[in-house]
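A.B. asks: Handing you this structure, nothing more for now.
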Amino acid sequence: MSTIDTGLTLLKSAAGRVSAANGWMGNAFKGWMPTGLYARALLIMIVPMVILQSVVAFVFMERHWNTVTRRLSAAVVQDIAALIDIYKGYPQDKDRDQIRRIAQQRLGLVVDFLPAGDMPPPGPKPFFSLLDQTLSVQLGRQIGRSFWIDTVGRSNLVEIRIQLDDAVMRVFAQRSAAYASNSEIFLFWMVGTSSILLIVAVLFLRNQIKPILRLADAAESFGKGREAPNFRPRGAREVRRAAVAFLEMKSRIERTMEQRTAMLAGVSHDLRTILTRFKLELALIGDSPELEGMRKDVDEMSMMLEDYLAFARGDSGEQSQPTDMAQALEELRSDAERHGHAATVAFNGLPVVTVKPASFKRCLANLVTNAARYGKSIAITGQRDHRYLTVTVDDDGPGIPAHLREEVFKPFLRLDNARNQDEGGTGLGLAIARDIARSHGGDITLGDSPMGGLRASVRIPV
């Protein structure tokens with residue numbers, strides 16, 4: 001049993017190493033792959049095309065060109081071998097002239113006879129020369145004599161020297177007669193046709209990607225609370241289906257928000273009417289300590305009702321429009337100073353941002369009110385770049401522990417240890433602020449302030 005257990009342990013260890021290696025390779029491959037759909041689609045088209053062209057080129061060059069070059073070289077060597085046979089039969093000088101004439105007029109070869117001697121030293125060989133290899137094989141097979149060839153020195157001619165008994169035969173042959181030299185034409189057509197196909201594919205792919213980008217832009221605009229009036233389903237069937245589903249979902253969400261707004265408007269009207277009656281009846285009764293407490297309870301109930309309705313209503317019905325955020329922050333500073341708090345404001349970047357002005361101002365006002373409730377000094381800072389608008393509100397209050405900074409965004413939650421519960425409130429201020437920020441496509445985060453208290457940061461895309 002111990003041997004079996006040891007074997008199982010080794011197998012598990014090996015499987016774990018293989019799995020880790022596969023995971024590492026998968027992560028490396030994902031990191032190398034492009035992230036955009038357009039780039040990935042191009043890669044899907046280009047890689048098979050390159051592989052196909054490479055295979056075709058390899059098969060054509062290795063099979064077709066090798067065969068053609070071998071046959072052409074064999075034919076040239078056969079002609080040279082025939083001339084050698086003629087020379088061996090008629091070695092006189094006058095017959096050499098006849099051989100030169102026959103070779104040039106009938107065979108397209110330039111033949112000369114050099115005095116007997118040693119062959120020239122071997123010249124530089126190209127790294128890859130199909131003609132050099134093929135001629136060497138054919139000369140050794142058909143003639144069987146010492147030879148020297150030069151396929152590099154002259155671009156259009158091939159020089160061949162063959163050791164005879166009493167002389168050296170030098171032959172100049174056209175390179176095209178021994179070598180299939182149409183590789184440039186093949187490569188030109190291969191690259192040209194591939195380029196044309198690639199351009200057509202790129203243009204077609206761009207037209208297919210555009211509807212997806214429009215759908216993404218429409219969804220992003222809807223997530224920011226903006227309208228996309230010119231959007232309609234386009235493109236391939238699957239993209240149109242996704243666009244239709246998005247429009248139907250958008251209609252259902254808007255219909256639900258309209259119904260909720262209408263219901264809340266009715267509830268708000270009815271409850272406000274009753275509270276107004278309470279205030280009127282209390283005013284007619286007179287003044288007494290008990291009635292003063294009742295008036296405070298009614299006022300607090302009115303404020304709580306407004307907070308509840310604001311939280312439930314959200315920012316539905318309001319349209320986004322360009323808003324001067326620097327001016328809005330200045331108004332918040334003035335409001336804080338009117339309530340007796342020291343406040344400063346600063347803004348960097350272009351101040352005009354497209355938001356729902358009333359709701360976004362309420363979001364920032366809730367943060368400023370929260371800071372003013374627990375701190376004496378407030379610092380409001382705005383920063384706008386090419387992607388985001390960021391607004392931070394700092395105070396010098398007691399702050400909020402790090403482990404509770406997400407909890408305070410829950411509705412109706414008020415902290416006893418970090419913030420004084422005697423200050424009142426419904427616990428909806430931060431929840432409403434985050435809901436508005438998220439309806440603009442952003443969010444709110446809490447952190448430590450350089451002033452010693454709490455920093456609330458709002459960031460939304462512009």
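Identifiers in this document derive from the order of the structure tokens: chains are assigned A, B, ..., residues are numbered from 1 separately in each chain, and ligands are numbered from 1 in order of occurrence.
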What lies within 12 Å of stretch 339-344 of chain A using only C-alpha atoms, ignoring chain neighbours under 2 positions off, as number ranges by chain?

C.D. replies: A: 329-337, 346-347, 368-369, 371-382, 392-396

A.B. asks: Could you name the residues that touch stretch 41-51 of chain A at 9 Å or less, counting only C-alpha atoms, but leaving out those on the same chain fewer than 5 positions away, as a PyMOL selection string?

C.D. replies: chain A and resi 34+36+56+194+198+201-202+205

A.B. asks: Convert the current residue selection to file output with C-alpha atoms, as a CSV table (one decimal), in the first residue's frame.

C.D. replies:
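Below is the file that was written, selection.csv:
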```csv
chain,number,residue,atom,x,y,z
A,34,PRO,CA,-4.8,42.1,-27.9
A,36,GLY,CA,-9.9,44.8,-28.5
A,56,VAL,CA,1.6,27.3,-50.2
A,194,SER,CA,-2.9,38.9,-49.7
A,198,LEU,CA,-6.6,42.0,-46.2
A,201,ALA,CA,-11.4,42.3,-44.9
A,202,VAL,CA,-10.3,45.3,-42.8
A,205,LEU,CA,-14.6,44.3,-40.4
```

A.B. asks: Find the residues of stretch 250-283 of chain A that sit at most 12 Å from stretch 216-232 of chain A; for each, write down the nearest two atoms and how far apart they are in Å, to one decimal. Count only C-alpha atoms. Sort by chain, then by number going up, and give it as a tab-separated table.

C.D. replies:
```
residue	atom	partner	partner_atom	distance
A:Lys250	CA	A:Phe222	CA	8.0
A:Ser251	CA	A:Phe222	CA	11.1
A:Ile253	CA	A:Phe222	CA	10.6
A:Glu254	CA	A:Phe222	CA	10.4
```

A.B. asks: Looking at A:Ala431, A:Val110, A:Ser176, A:Gly399, which one is nearest to A:Met451, with distances taken over only C-alpha atoms?

C.D. replies: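 When distances to A:Met451 are compared using only C-alpha atoms, the smallest one comes from A:Gly399.
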
A.B. asks: Extract the full set of alpha helix (DSSP H) residues from stretch 75-194 of chain A according to DSSP on the backbone, and format it as a PyMOL selection string.

C.D. replies: chain A and resi 75-89+93-106+130-142+175-178+183-194

A.B. asks: Would you pick out the contacts of stretch 138-143 of chain A at 12 Å or less, using only C-alpha atoms, so that residues sharing its chain but fewer than 2 positions from it are not included, and give the list as number ranges by chain?

C.D. replies: A: 69-85, 131-136, 145-149, 160-164, 178

A.B. asks: Take atom CA of A:Ala103 and atom CA of A:Phe172 and report the distance between them in Å, one decimal.

C.D. replies: 10.2 Å
